[in-house]
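See structure below.
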Amino acid sequence: MTKQSRFRRFESLVWLIVGLVLLAVFLGKIPFYTRSAEERAIDVTLSQLRAAVEMHRLRSAAATSALEGSNPMQLLEVKPVNYVGEFANRGSAAAQPGTWFFDRESKELVYVLLAPEKSSLKQQQMLYFKLELRRLPERTVRPSEPPAENAGVVLNQLND
């Protein structure tokens, strides 16, 4: 074996090791980028829903209180492709990871997370949202002011 042939083998081995290290680093970052992309997609959908609620409130202030507990997806003209519809309760929902659905029993909009955090439990993790009246205190600080009125409807994330 010539000296040049040995050097080429050594060079190939070095490139192989560098490539494997880069591949390992890349594969280690995939879960981070997946979670980050999912969070951005959720944020975009929530922004669209909150804008639709606000547009509805601006169009008809009288019907604002009727929105409480309703399905906010009905306010969108074009629903997200990962919205699977309304279900009677969470048990009857087709809860695939990465999908939205509306639970009529609890009147909550639910998002099923794609990749739950590492845990020993193999259950799906979900985020819950609900249209609620934004209520102001009945009595104000100054007694000369009239009682506060409901100020609108907001899409809140529930802590379950």
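By convention in this document, the chains of the structure tokens carry letters A, B, ... by their order, each chain's residues are numbered from 1, and ligands are numbered from 1 in the order they are shown.
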
Considering only C-alpha atoms, return as a PyMOL selection string whatever protein or nucleic-acid residues lie within 12 Å of Leu114 in chain A, sequence-local ones (same chain, fewer than 4 positions apart) excluded.
-> chain A and resi 31+34-39+41-42+82+95-100+123-127

Spatial neighbours of range 50-56 of chain A, max dist 10 Å, only C-alpha atoms, sep filter under 3 positions, as a list of chain:residue names =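 The neighbour list is A:Val44, A:Thr45, A:Leu46, A:Ser47, A:Arg59, A:Ser60, A:Ala61, A:Ala63, A:Thr64, A:Leu67, A:Pro72, A:Met73, A:Gln74, A:Leu75, A:Leu76, A:Glu77, A:Leu131, A:Gly152, A:Val153, A:Val154, A:Leu155, A:Asn156.
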
Shell of 10 Å around Arg90 in chain A, only C-alpha atoms, local chain residues under 2 positions omitted, as a PyMOL selection string | chain A and resi 86-88+92-95+101-106+108+110

Picked from range 38-116 of chain A by DSSP as helix (DSSP H, G or I), as an MDAnalysis selection string | chainID A and resid 38:59 61:67 72:75 90:92

List every residue of range 43-127 of chain A that DSSP, applied to the backbone of this structure, assigns to strand (DSSP E), and report them as JSON, numbers by chain.
-> {"A": [83, 84, 85, 86, 87, 100, 101, 102, 103, 108, 109, 110, 111, 112, 126, 127]}

Since we have the selection now, will you write its residues out, keeping N, CA, C and O atoms, as an mmCIF file, in the first residue's frame?
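Generated file (part.cif):
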```cif
data_model
loop_
_atom_site.group_PDB
_atom_site.id
_atom_site.type_symbol
_atom_site.label_atom_id
_atom_site.label_comp_id
_atom_site.auth_asym_id
_atom_site.auth_seq_id
_atom_site.Cartn_x
_atom_site.Cartn_y
_atom_site.Cartn_z
ATOM 1 N N TYR A 83 -58.201 21.321 11.803
ATOM 2 C CA TYR A 83 -59.409 21.387 12.631
ATOM 3 C C TYR A 83 -60.313 20.233 12.218
ATOM 4 O O TYR A 83 -60.705 20.118 11.054
ATOM 5 N N VAL A 84 -60.646 19.354 13.178
ATOM 6 C CA VAL A 84 -61.417 18.151 12.838
ATOM 7 C C VAL A 84 -62.899 18.258 13.157
ATOM 8 O O VAL A 84 -63.655 17.341 12.851
ATOM 9 N N GLY A 85 -63.338 19.376 13.767
ATOM 10 C CA GLY A 85 -64.766 19.581 13.964
ATOM 11 C C GLY A 85 -65.182 19.618 15.424
ATOM 12 O O GLY A 85 -64.371 19.723 16.332
ATOM 13 N N GLU A 86 -66.512 19.523 15.627
ATOM 14 C CA GLU A 86 -67.104 19.545 16.963
ATOM 15 C C GLU A 86 -67.456 18.128 17.377
ATOM 16 O O GLU A 86 -67.898 17.319 16.562
ATOM 17 N N PHE A 87 -67.276 17.861 18.665
ATOM 18 C CA PHE A 87 -67.603 16.549 19.216
ATOM 19 C C PHE A 87 -68.393 16.741 20.501
ATOM 20 O O PHE A 87 -68.281 17.761 21.164
ATOM 21 N N TRP A 100 -56.989 20.316 16.121
ATOM 22 C CA TRP A 100 -57.902 21.115 16.936
ATOM 23 C C TRP A 100 -59.274 20.467 16.877
ATOM 24 O O TRP A 100 -59.672 19.936 15.836
ATOM 25 N N PHE A 101 -60.037 20.529 17.970
ATOM 26 C CA PHE A 101 -61.451 20.145 17.947
ATOM 27 C C PHE A 101 -62.185 20.924 19.028
ATOM 28 O O PHE A 101 -61.574 21.466 19.941
ATOM 29 N N PHE A 102 -63.508 20.994 18.888
ATOM 30 C CA PHE A 102 -64.334 21.712 19.865
ATOM 31 C C PHE A 102 -65.140 20.703 20.660
ATOM 32 O O PHE A 102 -65.830 19.854 20.099
ATOM 33 N N ASP A 103 -65.048 20.788 21.983
ATOM 34 C CA ASP A 103 -65.776 19.917 22.897
ATOM 35 C C ASP A 103 -67.065 20.636 23.311
ATOM 36 O O ASP A 103 -67.030 21.626 24.023
ATOM 37 N N GLU A 108 -65.177 23.944 25.130
ATOM 38 C CA GLU A 108 -63.768 24.300 25.035
ATOM 39 C C GLU A 108 -63.208 23.919 23.676
ATOM 40 O O GLU A 108 -63.574 22.901 23.100
ATOM 41 N N LEU A 109 -62.315 24.754 23.192
ATOM 42 C CA LEU A 109 -61.544 24.453 21.995
ATOM 43 C C LEU A 109 -60.278 23.752 22.473
ATOM 44 O O LEU A 109 -59.596 24.238 23.371
ATOM 45 N N VAL A 110 -59.983 22.592 21.893
ATOM 46 C CA VAL A 110 -58.881 21.762 22.376
ATOM 47 C C VAL A 110 -57.860 21.563 21.264
ATOM 48 O O VAL A 110 -58.232 21.319 20.111
ATOM 49 N N TYR A 111 -56.585 21.674 21.629
ATOM 50 C CA TYR A 111 -55.497 21.343 20.703
ATOM 51 C C TYR A 111 -54.718 20.177 21.293
ATOM 52 O O TYR A 111 -54.311 20.211 22.461
ATOM 53 N N VAL A 112 -54.509 19.129 20.497
ATOM 54 C CA VAL A 112 -53.745 17.961 20.932
ATOM 55 C C VAL A 112 -52.301 18.164 20.484
ATOM 56 O O VAL A 112 -52.025 18.298 19.289
ATOM 57 N N MET A 126 -52.941 18.009 26.019
ATOM 58 C CA MET A 126 -53.827 18.903 25.285
ATOM 59 C C MET A 126 -53.786 20.305 25.878
ATOM 60 O O MET A 126 -53.528 20.476 27.066
ATOM 61 N N LEU A 127 -54.067 21.284 25.024
ATOM 62 C CA LEU A 127 -54.228 22.672 25.451
ATOM 63 C C LEU A 127 -55.701 23.011 25.303
ATOM 64 O O LEU A 127 -56.334 22.643 24.312
#
```

To one decimal in Å, tell me the separation between CA of Gln157 in chain A and CA of Ile30 in chain A.
->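 Value for the CA of Gln157 in chain A-CA of Ile30 in chain A distance: 27.1 Å.
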
Mind giving me the straight-line distance from CA of Pro80 in chain A to CA of Leu113 in chain A in Å, one decimal?
->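 Spanning CA of Pro80 in chain A to CA of Leu113 in chain A is a straight-line distance of 15.3 Å.
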
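Picture a line from CA of Ala66 in chain A to CA of Glu132 in chain A; it runs 10.1 Å.
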